[in-house]
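Novice: Hey, dropping protein_10.pdb in here, PDB, C-alpha atoms:
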MODEL        1
ATOM      1  CA  MET A  17     -11.234 -27.292  37.022  1.00  0.00           C
ATOM      2  CA  PHE A  18     -14.215 -25.065  36.272  1.00  0.00           C
ATOM      3  CA  ASN A  19     -17.030 -26.839  34.419  1.00  0.00           C
ATOM      4  CA  SER A  20     -19.204 -24.412  32.446  1.00  0.00           C
ATOM      5  CA  ARG A  21     -21.731 -27.051  31.427  1.00  0.00           C
ATOM      6  CA  VAL A  22     -25.034 -27.062  33.265  1.00  0.00           C
ATOM      7  CA  ASN A  23     -26.015 -30.364  34.789  1.00  0.00           C
ATOM      8  CA  GLN A  24     -28.562 -31.683  32.296  1.00  0.00           C
ATOM      9  CA  GLU A  25     -30.511 -33.333  35.088  1.00  0.00           C
ATOM     10  CA  GLU A  26     -31.201 -29.963  36.747  1.00  0.00           C
ATOM     11  CA  LYS A  27     -34.521 -28.492  35.663  1.00  0.00           C
ATOM     12  CA  VAL A  28     -34.892 -24.735  35.637  1.00  0.00           C
ATOM     13  CA  GLU A  29     -38.282 -23.694  37.005  1.00  0.00           C
ATOM     14  CA  THR A  30     -40.039 -21.192  34.738  1.00  0.00           C
ATOM     15  CA  LEU A  31     -42.915 -18.820  35.393  1.00  0.00           C
ATOM     16  CA  ASN A  32     -45.162 -21.204  33.430  1.00  0.00           C
ATOM     17  CA  ASP A  33     -44.169 -24.012  35.802  1.00  0.00           C
ATOM     18  CA  LYS A  34     -45.082 -21.875  38.805  1.00  0.00           C
ATOM     19  CA  LEU A  35     -48.446 -20.803  37.369  1.00  0.00           C
ATOM     20  CA  LYS A  36     -49.407 -24.351  36.295  1.00  0.00           C
ATOM     21  CA  GLY A  37     -52.135 -23.187  33.899  1.00  0.00           C
ATOM     22  CA  GLU A  38     -53.345 -20.297  36.045  1.00  0.00           C
ATOM     23  CA  LYS A  39     -53.565 -16.827  34.551  1.00  0.00           C
ATOM     24  CA  LEU A  40     -50.935 -14.321  35.677  1.00  0.00           C
ATOM     25  CA  GLU A  41     -52.595 -11.661  37.839  1.00  0.00           C
ATOM     26  CA  LEU A  42     -51.176  -8.180  37.323  1.00  0.00           C
ATOM     27  CA  GLN A  43     -51.627  -5.195  39.606  1.00  0.00           C
ATOM     28  CA  TYR A  44     -52.764  -2.221  37.516  1.00  0.00           C
ATOM     29  CA  PRO A  45     -51.710   0.369  36.672  1.00  0.00           C
ATOM     30  CA  CYS A  46     -48.288  -1.065  35.883  1.00  0.00           C
ATOM     31  CA  ASN A  47     -45.365  -0.553  33.534  1.00  0.00           C
ATOM     32  CA  TRP A  48     -45.391  -2.894  30.548  1.00  0.00           C
ATOM     33  CA  CYS A  49     -42.801  -3.600  27.871  1.00  0.00           C
ATOM     34  CA  TYR A  50     -43.810  -4.597  24.348  1.00  0.00           C
ATOM     35  CA  LYS A  51     -41.103  -5.887  22.000  1.00  0.00           C
ATOM     36  CA  VAL A  52     -42.005  -4.550  18.563  1.00  0.00           C
ATOM     37  CA  ILE A  53     -40.460  -5.950  15.373  1.00  0.00           C
ATOM     38  CA  ALA A  54     -40.481  -4.265  11.957  1.00  0.00           C
ATOM     39  CA  SER A  55     -38.452  -3.948   8.775  1.00  0.00           C
ATOM     40  CA  GLU A  56     -37.395  -0.326   9.249  1.00  0.00           C
ATOM     41  CA  LYS A  57     -36.716   1.750  12.364  1.00  0.00           C
ATOM     42  CA  GLU A  58     -38.471   4.871  11.056  1.00  0.00           C
ATOM     43  CA  ALA A  59     -41.585   2.896  10.076  1.00  0.00           C
ATOM     44  CA  LEU A  60     -41.647   1.242  13.508  1.00  0.00           C
ATOM     45  CA  GLN A  61     -41.361   4.602  15.266  1.00  0.00           C
ATOM     46  CA  LYS A  62     -44.184   6.047  13.166  1.00  0.00           C
ATOM     47  CA  ALA A  63     -46.362   2.982  13.792  1.00  0.00           C
ATOM     48  CA  VAL A  64     -45.904   3.343  17.552  1.00  0.00           C
ATOM     49  CA  LYS A  65     -46.854   7.027  17.322  1.00  0.00           C
ATOM     50  CA  ASP A  66     -49.926   6.116  15.242  1.00  0.00           C
ATOM     51  CA  VAL A  67     -51.069   3.643  17.898  1.00  0.00           C
ATOM     52  CA  ILE A  68     -50.300   5.392  21.174  1.00  0.00           C
ATOM     53  CA  ASP A  69     -50.497   8.998  19.980  1.00  0.00           C
ATOM     54  CA  GLU A  70     -49.354  11.339  22.762  1.00  0.00           C
ATOM     55  CA  ARG A  71     -49.229   8.842  25.639  1.00  0.00           C
ATOM     56  CA  GLU A  72     -46.019   8.919  27.633  1.00  0.00           C
ATOM     57  CA  HIS A  73     -43.689   6.095  26.609  1.00  0.00           C
ATOM     58  CA  LYS A  74     -40.082   5.126  26.062  1.00  0.00           C
ATOM     59  CA  LEU A  75     -38.989   3.514  22.811  1.00  0.00           C
ATOM     60  CA  SER A  76     -35.496   2.022  22.893  1.00  0.00           C
ATOM     61  CA  SER A  77     -33.440   0.006  20.426  1.00  0.00           C
ATOM     62  CA  SER A  78     -33.215  -3.706  21.042  1.00  0.00           C
ATOM     63  CA  ASN A  79     -31.843  -5.992  18.315  1.00  0.00           C
ATOM     64  CA  SER A  80     -31.566  -6.417  14.578  1.00  0.00           C
ATOM     65  CA  SER A  81     -31.589  -9.628  12.617  1.00  0.00           C
ATOM     66  CA  LYS A  82     -28.321 -11.091  11.400  1.00  0.00           C
ATOM     67  CA  THR A  83     -29.094  -9.997   7.833  1.00  0.00           C
ATOM     68  CA  GLY A  84     -30.459  -6.598   8.897  1.00  0.00           C
ATOM     69  CA  LYS A  85     -33.875  -7.378   7.436  1.00  0.00           C
ATOM     70  CA  TYR A  86     -35.670  -6.842  10.777  1.00  0.00           C
ATOM     71  CA  ILE A  87     -35.152  -4.606  13.778  1.00  0.00           C
ATOM     72  CA  SER A  88     -36.761  -4.729  17.190  1.00  0.00           C
ATOM     73  CA  MET A  89     -37.409  -2.022  19.737  1.00  0.00           C
ATOM     74  CA  ASN A  90     -38.742  -2.063  23.285  1.00  0.00           C
ATOM     75  CA  LEU A  91     -41.825   0.030  23.967  1.00  0.00           C
ATOM     76  CA  ASP A  92     -42.117   0.741  27.702  1.00  0.00           C
ATOM     77  CA  MET A  93     -45.237   2.455  28.988  1.00  0.00           C
ATOM     78  CA  LEU A  94     -47.817   2.575  31.736  1.00  0.00           C
ATOM     79  CA  VAL A  95     -50.925   0.482  31.109  1.00  0.00           C
ATOM     80  CA  HIS A  96     -54.012   1.195  33.165  1.00  0.00           C
ATOM     81  CA  ASN A  97     -55.822  -2.154  33.035  1.00  0.00           C
ATOM     82  CA  GLU A  98     -55.986  -5.455  31.142  1.00  0.00           C
ATOM     83  CA  GLU A  99     -58.172  -3.991  28.395  1.00  0.00           C
ATOM     84  CA  ASP A 100     -55.715  -1.118  27.849  1.00  0.00           C
ATOM     85  CA  ARG A 101     -52.753  -3.520  27.710  1.00  0.00           C
ATOM     86  CA  GLN A 102     -54.523  -5.829  25.248  1.00  0.00           C
ATOM     87  CA  PHE A 103     -55.838  -2.964  23.092  1.00  0.00           C
ATOM     88  CA  ILE A 104     -52.314  -1.584  22.600  1.00  0.00           C
ATOM     89  CA  TYR A 105     -50.964  -5.061  21.813  1.00  0.00           C
ATOM     90  CA  ASP A 106     -53.718  -5.703  19.252  1.00  0.00           C
ATOM     91  CA  ALA A 107     -53.384  -2.264  17.642  1.00  0.00           C
ATOM     92  CA  LEU A 108     -49.611  -2.639  17.296  1.00  0.00           C
ATOM     93  CA  LYS A 109     -49.988  -6.158  15.906  1.00  0.00           C
ATOM     94  CA  LYS A 110     -52.525  -5.013  13.279  1.00  0.00           C
ATOM     95  CA  HIS A 111     -50.447  -2.058  12.061  1.00  0.00           C
ATOM     96  CA  GLN A 112     -49.246  -2.605   8.493  1.00  0.00           C
ATOM     97  CA  ASP A 113     -45.633  -1.643   9.283  1.00  0.00           C
ATOM     98  CA  ILE A 114     -45.224  -3.963  12.265  1.00  0.00           C
ATOM     99  CA  LYS A 115     -44.264  -7.582  11.654  1.00  0.00           C
ATOM    100  CA  MET A 116     -44.617  -8.923  15.220  1.00  0.00           C
ATOM    101  CA  VAL A 117     -45.317  -7.883  18.810  1.00  0.00           C
ATOM    102  CA  LEU A 118     -44.118  -9.814  21.843  1.00  0.00           C
TER     103      LEU A 118
ENDMDL
END
Would you mind giving the structure from this file in structure tokens?
Specialist:
Amino acid sequence: MFNSRVNQEEKVETLNDKLKGEKLELQYPCNWCYKVIASEKEALQKAVKDVIDEREHKLSSSNSSKTGKYISMNLDMLVHNEEDRQFIYDALKKHQDIKMVL
């Protein structure tokens, strides 16, 4: 008989386990995906445009909350270095129409 339960004694190794407190080293430039969460799709799209202006990117639908109060979209784009990646994250996070950035 097929048992769909995972053995509770098995531990799944995560990226955090592998890094053991070390900082993840990225090779730049690289593609990066931000998960952006807002109340309205149109407001989220405008906020992304406000932040990244004319930079090439792909914005795709992700999820919506059970009640429909929040929606999330994936923002995929090329980041040139750590400062660029962090600047975009911070600018998105500070935008008045964005609730959260992951």
Novice: Take the PyMOL selection byres ((chain A and resi 88) around 12), run it mentally on this structure, and tell me the resulting residues as JSON, numbers by chain.
Specialist: {"A": [50, 51, 52, 53, 54, 55, 56, 57, 58, 59, 60, 61, 75, 76, 77, 78, 79, 80, 81, 84, 85, 86, 87, 89, 90, 91, 114, 115, 116, 117, 118]}
Novice: So what does the PyMOL selection byres ((chain A and resi 97) around 9) actually pick up in this one, as JSON, numbers by chain?
Specialist: {"A": [42, 43, 44, 45, 46, 95, 96, 98, 99, 100, 101, 102]}
Novice: Let me know the residues the PyMOL selection byres ((chain A and resi 47) around 7) catches in the file above, as a PyMOL selection string.
Specialist: chain A and resi 46+48-49+92-95
Novice: Find the distance between atom CA of His111 of chain A and atom CA of Lys65 of chain A and write it in Å to one decimal.
Specialist: 11.1 Å
Novice: Could you tell me how far atom CA of Val64 of chain A lies from atom CA of Lys39 of chain A, in Å and to one decimal?
Specialist: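 According to the coordinates, atom CA of Val64 of chain A and atom CA of Lys39 of chain A are separated by 27.5 Å.
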Novice: Which distance in Å separates atom CA of Gln112 of chain A and atom CA of Val67 of chain A, to one decimal?
Specialist: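 Answer for the atom CA of Gln112 of chain A to atom CA of Val67 of chain A separation: 11.4 Å.
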